[in-house]
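Undergrad: Let me give you the structure first, and then I'll get to my questions.
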Amino acid sequence: MSYKVSTLPKHILVSDETEKFLTESVLGGSTIDFLSDNGAFAEGLIGGYEPVNIMKTDVIWQDGKICELQDLGEVALTQTDIYVKPIAFMQSFCKLDLNPKWTGEVMKAKKAGKVMDEIAFADAIMAGIKDSNKEKLERNVWQGKVVAGDASSFDGFLEQLKTGTVDLSTATGTKLYEKIISAFLLMPVAVTNKSDFRIFIGSDLYRQYVAEISALNLFNQLDPLAVFGTTASFVVCDGLAGSNKIVFARARNLQGKGDITSEGTEIESFYVQEKDKMYVRGRFGFGVKPVFVQEIGVLDVA
């Protein structure tokens, strides 16, 4: 059996892969997956400025024998906005583009004892686009930077954390794990003792860290994400890879908003006969913003 480019779009539209596409490709990256689990990522309308409200309270004790108490506790409500950037993509495929992929997918199906058909092939196409979009978004969450002339760009966390953070420049150590421990000790205890505090590290630096403590026979922890010499845990982020930056922060201080459900979002496929090409087009909204920056530390290990 072969495939026809002209009929693939209808198979993509009925594919289970399409229904999951925006959820998995926008929310499926390691960083946003963690933040959403910790209540730091929520839906926001595409193209809008969505509010983020975080309350900080300072309880002051008074004499419990006094009937009339004073209002001494301080309540601070941080109000900030996250711009949910409209982002779109469109990918075209002609038969010549897809022939090698079809051949490869047929071989994979045979090895698995399955028969490749157009629905399964449509799933494979969408899986490739989904993974590519997820990887690009994960990287931009951390390392994105608004570029002149690029209307799709947005500032990631690192760009917005260039000033005002906890000073970790005095962290010492010749080994990576030593620098991490030193930086952890420079962070305020009021931040590091919170249950949502994590050390966000790139997948490349995490491999280096594991190699270092393994060489010293130190890697005997039951939890591979526990940070040796500290009470903290890692969140390993592909988006930080190549940055040489490690971020010390609470989840609640790394906020994000996204839109994958409103009328302004879409995922569709169609065939253009005069070009003999199939197109896949998607639209969604996304934005991130750090809050209480003075509680966040950025360690440069370059």
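Letters A, B, ... mark the chains of the structure tokens in the order given; residue numbers begin at 1 per chain; ligand numbers begin at 1, in order shown.
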Taking a cut-off of 10 Å and counting only C-alpha atoms, can you build a table that, for each residue of range 16-129 of chain A near range 220-242 of chain A, reports the nearest atom pair and how far apart they are in Å (one decimal), sorted by chain then residue number, as a Markdown table?
TA:
```
| residue | atom | partner | partner_atom | distance |
| --- | --- | --- | --- | --- |
| A:Gly29 | CA | A:Asp238 | CA | 8.3 |
| A:Ser30 | CA | A:Cys237 | CA | 5.8 |
| A:Thr31 | CA | A:Cys237 | CA | 6.0 |
| A:Ile32 | CA | A:Cys237 | CA | 9.6 |
| A:Phe34 | CA | A:Val235 | CA | 7.9 |
```
Undergrad: When you look at Val301 in chain A with a cut-off of 12 Å (counting only C-alpha atoms), what residues show up, excluding the ones that are within fewer than 4 positions of it in the same chain? I need them as JSON, numbers by chain.
TA: {"A": [168, 169, 170, 171, 172, 173, 174, 175, 176, 177, 178, 179, 180, 182, 183, 201, 202, 205, 208, 209, 242, 243, 244, 245, 246, 247]}
Undergrad: Please list as a PyMOL selection string every residue within 12 Å of Val84 in chain A, counting only C-alpha atoms and excluding residues in the same chain fewer than 5 positions away.
TA: chain A and resi 41-51+152-155+255-260+264-265+284-289
Undergrad: Could those selected residues go to a file with C-alpha atoms, as a CSV table (one decimal), in the first residue's frame?
TA:
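And here is the file that came out, result.csv:
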```csv
chain,number,residue,atom,x,y,z
A,41,PHE,CA,1.3,27.7,34.6
A,42,ALA,CA,-2.2,28.5,33.7
A,43,GLU,CA,-4.4,29.3,30.7
A,44,GLY,CA,-4.4,32.8,29.3
A,45,LEU,CA,-6.1,34.3,26.3
A,46,ILE,CA,-3.9,34.5,23.2
A,47,GLY,CA,-2.7,38.1,22.4
A,48,GLY,CA,-3.7,39.4,25.9
A,49,TYR,CA,-2.0,40.5,29.0
A,50,GLU,CA,-2.9,38.0,31.7
A,51,PRO,CA,-2.6,38.9,35.4
A,152,SER,CA,7.2,35.3,17.0
A,153,SER,CA,10.0,35.8,19.5
A,154,PHE,CA,9.5,36.3,23.2
A,155,ASP,CA,11.8,36.8,26.2
A,255,GLN,CA,5.1,31.9,36.0
A,256,GLY,CA,3.7,31.1,32.6
A,257,LYS,CA,0.6,31.5,30.6
A,258,GLY,CA,-0.6,29.7,27.5
A,259,ASP,CA,-3.5,29.4,25.2
A,260,ILE,CA,-4.3,26.1,23.5
A,264,GLY,CA,-7.7,32.0,18.4
A,265,THR,CA,-5.9,28.7,18.5
A,284,PHE,CA,-1.3,29.0,20.0
A,285,GLY,CA,-0.3,31.5,22.6
A,286,PHE,CA,2.5,31.5,25.1
A,287,GLY,CA,4.4,33.7,27.6
A,288,VAL,CA,6.6,33.4,30.7
A,289,LYS,CA,7.6,35.9,33.5
```
Undergrad: Using CA of Asp16 in chain A and CA of Tyr3 in chain A as the two end points, give the distance in Å to one decimal.
TA: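 Atom-to-atom, CA of Asp16 in chain A to CA of Tyr3 in chain A, that is 18.8 Å.
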Undergrad: Counting only C-alpha atoms, which residue out of A:Gly156, A:Arg252, A:Ser203, A:Ser2 sits closest to Val115 in chain A?
TA: A:Ser2
Undergrad: CA of Gln143 in chain A and CA of Lys194 in chain A, how far apart in Å?
TA: 25.8 Å
Undergrad: Quick check for you: according to DSSP on this backbone, which residues of range 34-180 of chain A are classed as strand (DSSP E)? Reply as a ChimeraX atom specification.
TA: /A:41-43,49-58,74-83,85-93
Undergrad: With a distance cut-off of 9 Å and only C-alpha atoms, select the neighbouring residues of Lys95 in chain A, excluding the residue or stretch itself and same-chain residues fewer than 2 positions from it, and output the selection as a ChimeraX atom specification.
TA: /A:3-5,93,97-99,276-278
Undergrad: Mind giving me the straight-line distance from CA of Lys20 in chain A to CA of Ala127 in chain A in Å, one decimal?
TA: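 Between CA of Lys20 in chain A and CA of Ala127 in chain A the gap is 10.0 Å.
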Undergrad: Could you pull out all residues of range 35-242 of chain A with a DSSP call of helix (DSSP H, G or I) and give them as a PyMOL selection string?
TA: chain A and resi 35-37+95-111+118-143+157-160+176-186+189-192+203-215+238-240
Undergrad: Tell me which protein, DNA and RNA residues are within 10 Å of Lys10 in chain A, counting only C-alpha atoms, leaving out same-chain ones fewer than 2 positions away, and put them as a list in words.
TA: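 Within the cut-off, the hits are Ser6, Thr7, Leu8, Ile12, Leu13, Val14, Ser15, Glu118, Ile119, Ala122, Glu268, Ser269, Phe270 and Tyr271 of chain A.
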Undergrad: Using only all heavy atoms, please write the residues we just selected to a file, as an mmCIF file, in the first residue's frame.
TA:
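The resulting file, again.cif, is reproduced below:
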```cif
data_model
loop_
_atom_site.group_PDB
_atom_site.id
_atom_site.type_symbol
_atom_site.label_atom_id
_atom_site.label_comp_id
_atom_site.auth_asym_id
_atom_site.auth_seq_id
_atom_site.Cartn_x
_atom_site.Cartn_y
_atom_site.Cartn_z
ATOM 1 N N SER A 6 -2.690 14.047 -1.273
ATOM 2 C CA SER A 6 -3.975 14.749 -1.294
ATOM 3 C C SER A 6 -4.950 14.211 -0.248
ATOM 4 O O SER A 6 -5.850 14.922 0.200
ATOM 5 C CB SER A 6 -4.608 14.639 -2.681
ATOM 6 O OG SER A 6 -4.812 13.285 -3.035
ATOM 7 N N THR A 7 -4.791 12.952 0.168
ATOM 8 C CA THR A 7 -5.729 12.373 1.129
ATOM 9 C C THR A 7 -5.197 12.377 2.559
ATOM 10 O O THR A 7 -5.963 12.141 3.492
ATOM 11 C CB THR A 7 -6.078 10.925 0.734
ATOM 12 O OG1 THR A 7 -4.872 10.125 0.737
ATOM 13 C CG2 THR A 7 -6.714 10.870 -0.648
ATOM 14 N N LEU A 8 -3.927 12.676 2.739
ATOM 15 C CA LEU A 8 -3.360 12.662 4.084
ATOM 16 C C LEU A 8 -4.031 13.649 5.040
ATOM 17 O O LEU A 8 -4.214 13.331 6.217
ATOM 18 C CB LEU A 8 -1.857 12.932 4.037
ATOM 19 C CG LEU A 8 -0.964 11.716 3.748
ATOM 20 C CD1 LEU A 8 0.488 12.138 3.682
ATOM 21 C CD2 LEU A 8 -1.157 10.628 4.790
ATOM 22 N N ILE A 12 -5.113 13.058 9.016
ATOM 23 C CA ILE A 12 -4.549 13.818 10.127
ATOM 24 C C ILE A 12 -5.665 14.387 10.993
ATOM 25 O O ILE A 12 -5.594 14.379 12.221
ATOM 26 C CB ILE A 12 -3.624 14.944 9.599
ATOM 27 C CG1 ILE A 12 -2.332 14.324 9.086
ATOM 28 C CG2 ILE A 12 -3.335 15.972 10.678
ATOM 29 C CD1 ILE A 12 -1.358 15.315 8.490
ATOM 30 N N LEU A 13 -6.722 14.850 10.371
ATOM 31 C CA LEU A 13 -7.820 15.460 11.114
ATOM 32 C C LEU A 13 -8.575 14.461 11.976
ATOM 33 O O LEU A 13 -9.138 14.829 13.000
ATOM 34 C CB LEU A 13 -8.791 16.155 10.152
ATOM 35 C CG LEU A 13 -8.246 17.427 9.500
ATOM 36 C CD1 LEU A 13 -9.222 17.954 8.458
ATOM 37 C CD2 LEU A 13 -7.993 18.504 10.544
ATOM 38 N N VAL A 14 -8.605 13.194 11.573
ATOM 39 C CA VAL A 14 -9.296 12.196 12.384
ATOM 40 C C VAL A 14 -8.339 11.464 13.314
ATOM 41 O O VAL A 14 -8.747 10.644 14.109
ATOM 42 C CB VAL A 14 -10.025 11.144 11.501
ATOM 43 C CG1 VAL A 14 -11.050 11.820 10.608
ATOM 44 C CG2 VAL A 14 -9.043 10.340 10.661
ATOM 45 N N SER A 15 -7.056 11.794 13.207
ATOM 46 C CA SER A 15 -6.050 11.111 14.001
ATOM 47 C C SER A 15 -6.125 11.537 15.462
ATOM 48 O O SER A 15 -6.331 12.696 15.789
ATOM 49 C CB SER A 15 -4.657 11.422 13.442
ATOM 50 O OG SER A 15 -3.665 11.055 14.351
ATOM 51 N N GLU A 118 -2.474 4.935 5.941
ATOM 52 C CA GLU A 118 -2.383 6.389 5.897
ATOM 53 C C GLU A 118 -2.681 7.041 7.248
ATOM 54 O O GLU A 118 -2.140 8.101 7.561
ATOM 55 C CB GLU A 118 -3.314 6.936 4.810
ATOM 56 C CG GLU A 118 -2.799 6.651 3.402
ATOM 57 C CD GLU A 118 -3.492 7.486 2.353
ATOM 58 O OE1 GLU A 118 -4.715 7.646 2.437
ATOM 59 O OE2 GLU A 118 -2.805 7.971 1.438
ATOM 60 N N ILE A 119 -3.532 6.422 8.039
ATOM 61 C CA ILE A 119 -3.810 6.980 9.367
ATOM 62 C C ILE A 119 -2.571 6.881 10.250
ATOM 63 O O ILE A 119 -2.188 7.841 10.932
ATOM 64 C CB ILE A 119 -5.003 6.268 10.025
ATOM 65 C CG1 ILE A 119 -6.290 6.592 9.262
ATOM 66 C CG2 ILE A 119 -5.125 6.661 11.490
ATOM 67 C CD1 ILE A 119 -7.532 5.946 9.828
ATOM 68 N N ALA A 122 -0.077 9.370 9.025
ATOM 69 C CA ALA A 122 -0.431 10.720 9.469
ATOM 70 C C ALA A 122 -0.024 10.930 10.923
ATOM 71 O O ALA A 122 0.457 12.006 11.298
ATOM 72 C CB ALA A 122 -1.936 10.941 9.306
ATOM 73 N N GLU A 268 -4.636 22.509 12.063
ATOM 74 C CA GLU A 268 -5.382 22.021 10.907
ATOM 75 C C GLU A 268 -4.434 21.572 9.813
ATOM 76 O O GLU A 268 -3.249 21.943 9.798
ATOM 77 C CB GLU A 268 -6.311 23.114 10.372
ATOM 78 C CG GLU A 268 -5.591 24.356 9.885
ATOM 79 C CD GLU A 268 -6.548 25.382 9.296
ATOM 80 O OE1 GLU A 268 -7.722 25.039 9.083
ATOM 81 O OE2 GLU A 268 -6.112 26.508 9.019
ATOM 82 N N SER A 269 -4.950 20.772 8.916
ATOM 83 C CA SER A 269 -4.180 20.328 7.759
ATOM 84 C C SER A 269 -5.055 20.455 6.525
ATOM 85 O O SER A 269 -6.280 20.312 6.584
ATOM 86 C CB SER A 269 -3.724 18.881 7.945
ATOM 87 O OG SER A 269 -4.841 18.027 8.116
ATOM 88 N N PHE A 270 -4.408 20.741 5.391
ATOM 89 C CA PHE A 270 -5.155 20.896 4.139
ATOM 90 C C PHE A 270 -4.226 20.632 2.951
ATOM 91 O O PHE A 270 -2.996 20.645 3.085
ATOM 92 C CB PHE A 270 -5.768 22.305 4.045
ATOM 93 C CG PHE A 270 -4.789 23.424 4.227
ATOM 94 C CD1 PHE A 270 -4.167 24.011 3.129
ATOM 95 C CD2 PHE A 270 -4.482 23.903 5.502
ATOM 96 C CE1 PHE A 270 -3.259 25.037 3.298
ATOM 97 C CE2 PHE A 270 -3.582 24.938 5.676
ATOM 98 C CZ PHE A 270 -2.972 25.511 4.580
ATOM 99 N N TYR A 271 -4.843 20.398 1.808
ATOM 100 C CA TYR A 271 -4.106 20.077 0.582
ATOM 101 C C TYR A 271 -4.361 21.161 -0.454
ATOM 102 O O TYR A 271 -5.495 21.590 -0.652
ATOM 103 C CB TYR A 271 -4.564 18.718 0.044
ATOM 104 C CG TYR A 271 -3.978 18.354 -1.294
ATOM 105 C CD1 TYR A 271 -2.627 18.035 -1.411
ATOM 106 C CD2 TYR A 271 -4.771 18.322 -2.440
ATOM 107 C CE1 TYR A 271 -2.084 17.693 -2.648
ATOM 108 C CE2 TYR A 271 -4.249 17.980 -3.674
ATOM 109 C CZ TYR A 271 -2.892 17.677 -3.767
ATOM 110 O OH TYR A 271 -2.363 17.338 -4.994
#
```
Undergrad: Do you know which residues are at most 12 Å from range 189-193 of chain A counting only C-alpha atoms, after dropping those on the same chain fewer than 2 positions away, and could you put them as a VMD selection string?
TA: chain A and resid 166 183 to 187 195 to 199 230 to 233 248 to 253 292 to 297
